[in-house]
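Down below is the structure, laid out as structure tokens.
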Amino acid sequence: MYNLLVLVICKILSFGIRIFKKNSGNVVGKIARKLSPDIIKYFKINCPVIAITATNGKTTSNNVISYIVKKNGKKAVSNTEGNNMETGIITTLLKSSSITGKIKADFVTLEVDESYVPVVFEKIRLDTLIVLDFFRDQLDRNGEEEALILKINEFLKTYEGNLILNNDDPNVARLGRANPDNKNVYYFSVDKYEYATETEKEAGEGKFCPFDKTRLEYEYYQYSHIGKFRCPTCNYGDEEIFLEVKNVNVKDGMFVADDVEYKTLANSIYAIYNFAASLAFAKLYNLDAKEALATFKLDNGRCEEIEVNGCKTLINLAKNPTGANVSLRILNEDSEEKELLFVLNDNIADGFDVSWIWDINFNINNVTRIITSGQRAYDIAIRIKTSGFDATKIEPYLELDEAVKALYKTNVKKYVIANYTALQPTRKAILNYKLHKKK
Ligand SMILES: [Zn+2]
């Protein structure tokens with residue numbers, strides 16, 4: 001009875017807050033959880049609950065999955081804005097529930113922070129868990145990556161629902177063995193693409209077999225430690241593949257899966273992996289994904305393209321070395337002359353420790369100038385200088401507006417990389433500059 005009352009009150013609150021403030025974030029979820037710590041248990045969900053977790057790409061993948069559901073004429077309730085901790089998920093459910101907590105939808109799809117998977121799904125039923133990748137990220141908050149994987153592994157020991165795993169990430173595929181009784185494990189994989197390498201180019205993890213500590217043998221690396229691996233001792237890596245993406249053409253965003261050709265707006269191997277995970281979900285639930293993938297736009301600074309007075313600008317989020325390496329890889333695969341803006345902050349959400357920038361591979365081609373900005377403009381400038389880039393061509397600016405102004409002094413193509421809290425201010429500064437310049 002008490003929980004029903006909390007639901008009713010918070011539902012009314014969420015409605016009220018929405019009227020006054022469009023983006024209410026996690027506020028209502030926080031209040032609801034304070035009033036009743038287990039409130040999430042009291043939502044009545046009668047449709048499949050899908051969760052997506054990863055270090056990188058969970059927001060994009062959740063958005064793609066939710067979009068596939070909608071394109072099939074069905075209703076999805078999703079935290080597409082990326083509020084991925086328990087209070088954010090409560091907020092999402094409150095917004096979409098009836099006054100008594102009933103969720104009317106065909107699917108609930110949730111992006112969930114890695115460390116919150118066991119917390120949230122101890123309380124609500126989970127039908128399908130999708131795991132994309134595990135990289136070094138936000139060490140201050142999560143602790144060591146291995147501890148995080150073990151936490152999810154522990155949760156999976158008794159889990160019998162569907163498990164969709166990236167078979168090209170040895171940190172992820174191992175989760176398929178957490179519960180030997182679970183027959184619902186599905187692996188997806190992306191076949192070697194044109195920029196795959198024989199040796200590892202970027203700092204990565206997971207080079208040893210998690211079961212017997214033998215060094216893993218790689219046929220190729222797609223990026224970081226993602227690739228075709230195998231343990232010579234126990235054959236770890238040789239799983240039966242449920243969904244394989246083949247014939248990848250990154251430049252045109254094209255690939256083939258289950259004999260269907262997909263044309264997408266993606267331009268990175270990274271996005272292709274997000275699509276592969278989403279396709280595995282679609283296949284499992286018998287949904288058509290062709291139209292959804294053809295029209296899905298990557299936006300919100302996640303590989304977003306903005307034109308500033310005729311100057312092509314590509315913005316990407318990078319909150320850890322892999323994210324940054326993938327952005328730099330896209331830059332390297334582009335043969336045009338270009339300039340780079342790198343914005344680095346060190347707020348709580350970023351993690352105060354910015355030492356991860358030393359794991360970025362700054363081997364870059366055809367970049368004629370680099371501007372740095374953000375609270376740690378000088379740290380990133382020094383990092384880039386140390387990589388051997390001509391120091392006279394690096395310009396640090398603490399003020400973001402100054403940095404953007406300096407960036408557009410020339411009309412050369414721009415690449416922008418910003419970390420978590422820097423991303424939206426950077427987008428805004430660029431859009432402001434664009435607007436101002438037009439007058
Ligand atoms: Zn092994």
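Quick note on naming: the chains in the structure tokens go A, B, ... in the order shown, residues restart at 1 in each chain, and ligands are numbered from 1 in order of appearance.
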- request: Write out as a ChimeraX atom specification which residues come within 9 Å of Asp258 (chain A) when counting only C-alpha atoms, dropping same-chain ones fewer than 4 positions away.
  value: /A:243-246
Those residues you just picked out, can you put them in a file as a short mmCIF file (atom, residue, chain, number, x, y, z; two decimals), in the first residue's frame with all heavy atoms?
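Contents of part-v8.cif, as written:
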data_model
loop_
_atom_site.label_atom_id
_atom_site.label_comp_id
_atom_site.auth_asym_id
_atom_site.auth_seq_id
_atom_site.Cartn_x
_atom_site.Cartn_y
_atom_site.Cartn_z
N LEU A 243 24.70 -14.27 -34.78
CA LEU A 243 24.58 -13.24 -35.81
C LEU A 243 25.96 -12.73 -36.22
O LEU A 243 26.72 -12.24 -35.39
CB LEU A 243 23.74 -12.06 -35.33
CG LEU A 243 23.56 -11.03 -36.46
CD1 LEU A 243 22.13 -10.86 -36.84
CD2 LEU A 243 24.23 -9.71 -36.14
N GLU A 244 26.26 -12.88 -37.49
CA GLU A 244 27.56 -12.39 -37.97
C GLU A 244 27.37 -11.28 -38.99
O GLU A 244 26.59 -11.41 -39.94
CB GLU A 244 28.38 -13.52 -38.59
CG GLU A 244 29.81 -13.06 -38.83
CD GLU A 244 30.69 -14.06 -39.58
OE1 GLU A 244 30.13 -14.94 -40.26
OE2 GLU A 244 31.92 -13.94 -39.50
N VAL A 245 28.08 -10.17 -38.77
CA VAL A 245 28.07 -9.07 -39.73
C VAL A 245 29.29 -9.25 -40.63
O VAL A 245 30.40 -9.43 -40.14
CB VAL A 245 28.12 -7.72 -38.98
CG1 VAL A 245 28.53 -6.59 -39.91
CG2 VAL A 245 26.76 -7.41 -38.36
N LYS A 246 29.05 -9.24 -41.95
CA LYS A 246 30.13 -9.48 -42.91
C LYS A 246 30.20 -8.37 -43.95
O LYS A 246 29.32 -7.52 -44.02
CB LYS A 246 29.88 -10.81 -43.64
CG LYS A 246 30.06 -12.03 -42.76
CD LYS A 246 29.97 -13.29 -43.60
CE LYS A 246 28.69 -14.02 -43.34
NZ LYS A 246 28.54 -15.29 -43.98
#
query: Counting only C-alpha atoms and all ligand atoms, which protein, DNA or RNA residues come within 7 Å of ligand 1, given as a PyMOL selection string?
result: chain A and resi 209-214+231-236
- request: Give me the residues within 7 Å of Glu304 (chain A) as a PyMOL selection string, counting only C-alpha atoms and dropping any in the same chain fewer than 6 places off.
  value: chain A and resi 298+314-316
query: Which one of A:Val117, A:Asn56, A:Ser387, A:Asn171 sits closest to Tyr420 (chain A) if you count only C-alpha atoms?
result: A:Asn56
With the cut-off set at 10 Å and counting only C-alpha atoms, tabulate each residue of region 78-178 of chain A with an atom at most that distance from an atom of region 32-37 of chain A, showing the nearest atom pair and its distance in Å to one decimal, ordered by chain and increasing number, as CSV.
residue,atom,partner,partner_atom,distance
A:Glu86,CA,A:Arg33,CA,8.7
A:Thr87,CA,A:Arg33,CA,6.9
A:Ile90,CA,A:Ala32,CA,7.8
A:Thr91,CA,A:Ala32,CA,8.5
A:Leu94,CA,A:Ala32,CA,9.3
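Distance annotation: of A:Ile226, A:Tyr220, A:Phe296, A:Asp390, the residue with the minimal separation from Ser66 (chain A) is A:Phe296; atom set is only C-alpha atoms.
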If you run DSSP on the backbone, which residues of region 240-338 of chain A are strand (DSSP E or B), as a JSON list (two decimals) with C-alpha atoms, in the first residue's frame?
[["chain", "number", "residue", "atom", "x", "y", "z"],
["A", 241, "ILE", "CA", 27.82, -17.34, -33.80],
["A", 242, "PHE", "CA", 24.15, -16.38, -33.76],
["A", 243, "LEU", "CA", 24.58, -13.24, -35.81],
["A", 244, "GLU", "CA", 27.56, -12.39, -37.97],
["A", 245, "VAL", "CA", 28.07, -9.07, -39.73],
["A", 246, "LYS", "CA", 30.13, -9.48, -42.91],
["A", 247, "ASN", "CA", 31.39, -7.51, -45.93],
["A", 248, "VAL", "CA", 31.76, -4.33, -43.90],
["A", 249, "ASN", "CA", 32.34, -1.16, -45.89],
["A", 254, "MET", "CA", 27.31, -0.93, -45.57],
["A", 255, "PHE", "CA", 27.42, -4.53, -44.43],
["A", 256, "VAL", "CA", 25.68, -7.89, -44.78],
["A", 257, "ALA", "CA", 24.07, -10.02, -42.07],
["A", 260, "VAL", "CA", 20.51, -9.17, -46.03],
["A", 261, "GLU", "CA", 22.41, -6.11, -47.19],
["A", 262, "TYR", "CA", 22.22, -3.11, -44.86],
["A", 263, "LYS", "CA", 22.94, 0.49, -45.82],
["A", 304, "GLU", "CA", 27.60, 14.04, -35.36],
["A", 305, "GLU", "CA", 28.29, 16.14, -38.42],
["A", 306, "ILE", "CA", 27.76, 19.90, -38.31],
["A", 307, "GLU", "CA", 28.45, 22.30, -41.14],
["A", 308, "VAL", "CA", 29.86, 25.63, -39.98],
["A", 311, "CYS", "CA", 33.31, 23.94, -43.10],
["A", 312, "LYS", "CA", 32.59, 20.28, -42.38],
["A", 313, "THR", "CA", 32.88, 19.50, -38.67],
["A", 314, "LEU", "CA", 32.66, 16.04, -37.16],
["A", 315, "ILE", "CA", 32.05, 15.87, -33.40],
["A", 316, "ASN", "CA", 32.58, 12.79, -31.32],
["A", 317, "LEU", "CA", 32.42, 11.86, -27.65],
["A", 338, "LYS", "CA", 42.04, 18.49, -41.35]]
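Among A:Ile39, A:Ala173, A:Tyr270, A:Phe15, the residue with the shortest atom-to-atom distance to Asn3 (chain A), counting only C-alpha atoms, is A:Ile39.
Closest approach to Val172 (chain A) among A:Phe107, A:Ser78, A:Ser115, A:Thr53: A:Thr53, based on only C-alpha atoms.
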Contacts of Ala277 (chain A) at 7 Å (only C-alpha atoms; same-chain gap of 4+ positions) as a JSON list (two decimals) with all heavy atoms, in the first residue's frame:
[["chain", "number", "residue", "atom", "x", "y", "z"],
["A", 188, "PHE", "N", 27.31, -12.50, -31.03],
["A", 188, "PHE", "CA", 27.39, -11.82, -32.32],
["A", 188, "PHE", "C", 28.85, -11.47, -32.60],
["A", 188, "PHE", "O", 29.68, -11.40, -31.68],
["A", 188, "PHE", "CB", 26.49, -10.58, -32.39],
["A", 188, "PHE", "CG", 26.91, -9.44, -31.51],
["A", 188, "PHE", "CD1", 27.79, -8.46, -31.98],
["A", 188, "PHE", "CD2", 26.42, -9.31, -30.22],
["A", 188, "PHE", "CE1", 28.18, -7.40, -31.17],
["A", 188, "PHE", "CE2", 26.81, -8.26, -29.40],
["A", 188, "PHE", "CZ", 27.69, -7.30, -29.87],
["A", 273, "TYR", "N", 29.51, -2.12, -34.76],
["A", 273, "TYR", "CA", 29.34, -3.06, -33.63],
["A", 273, "TYR", "C", 28.03, -2.78, -32.89],
["A", 273, "TYR", "O", 27.35, -3.71, -32.46],
["A", 273, "TYR", "CB", 30.54, -2.99, -32.67],
["A", 273, "TYR", "CG", 31.61, -4.00, -33.04],
["A", 273, "TYR", "CD1", 32.65, -3.66, -33.89],
["A", 273, "TYR", "CD2", 31.54, -5.32, -32.58],
["A", 273, "TYR", "CE1", 33.61, -4.60, -34.26],
["A", 273, "TYR", "CE2", 32.49, -6.27, -32.94],
["A", 273, "TYR", "CZ", 33.52, -5.90, -33.78],
["A", 273, "TYR", "OH", 34.45, -6.83, -34.15],
["A", 281, "PHE", "N", 19.52, -8.53, -31.40],
["A", 281, "PHE", "CA", 18.25, -8.35, -30.67],
["A", 281, "PHE", "C", 17.06, -8.51, -31.62],
["A", 281, "PHE", "O", 16.11, -9.25, -31.34],
["A", 281, "PHE", "CB", 18.22, -6.95, -30.01],
["A", 281, "PHE", "CG", 16.83, -6.43, -29.77],
["A", 281, "PHE", "CD1", 16.08, -6.87, -28.69],
["A", 281, "PHE", "CD2", 16.26, -5.52, -30.67],
["A", 281, "PHE", "CE1", 14.79, -6.40, -28.48],
["A", 281, "PHE", "CE2", 14.97, -5.05, -30.46],
["A", 281, "PHE", "CZ", 14.23, -5.50, -29.37]]
message: Report, in Å to a single decimal, how far apart CA of Thr199 (chain A) and CA of Tyr415 (chain A) are.
response: 26.1 Å
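Compared by their closest atoms to Lys409 (chain A), and using only C-alpha atoms, the residues A:Asn309, A:Asn366, A:Asn320, A:Asn345 rank with A:Asn309 nearest.
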Contact residues around Lys319 (chain A) with only C-alpha atoms at 10 Å, ignoring same-chain residues under 3 positions, as a VMD selection string: chain A and resid 55 to 56 136 to 138 316 322 to 324 344 to 345 349 to 351 354 356 to 357 417 to 423
- prompt: DSSP says helix (DSSP H, G or I) for which residues of region 265-432 of chain A? Put them as a ChimeraX atom specification?
  reply: /A:269-284,290-295,321-332,348-350,355-359,377-386,391-393,400-407,420-432
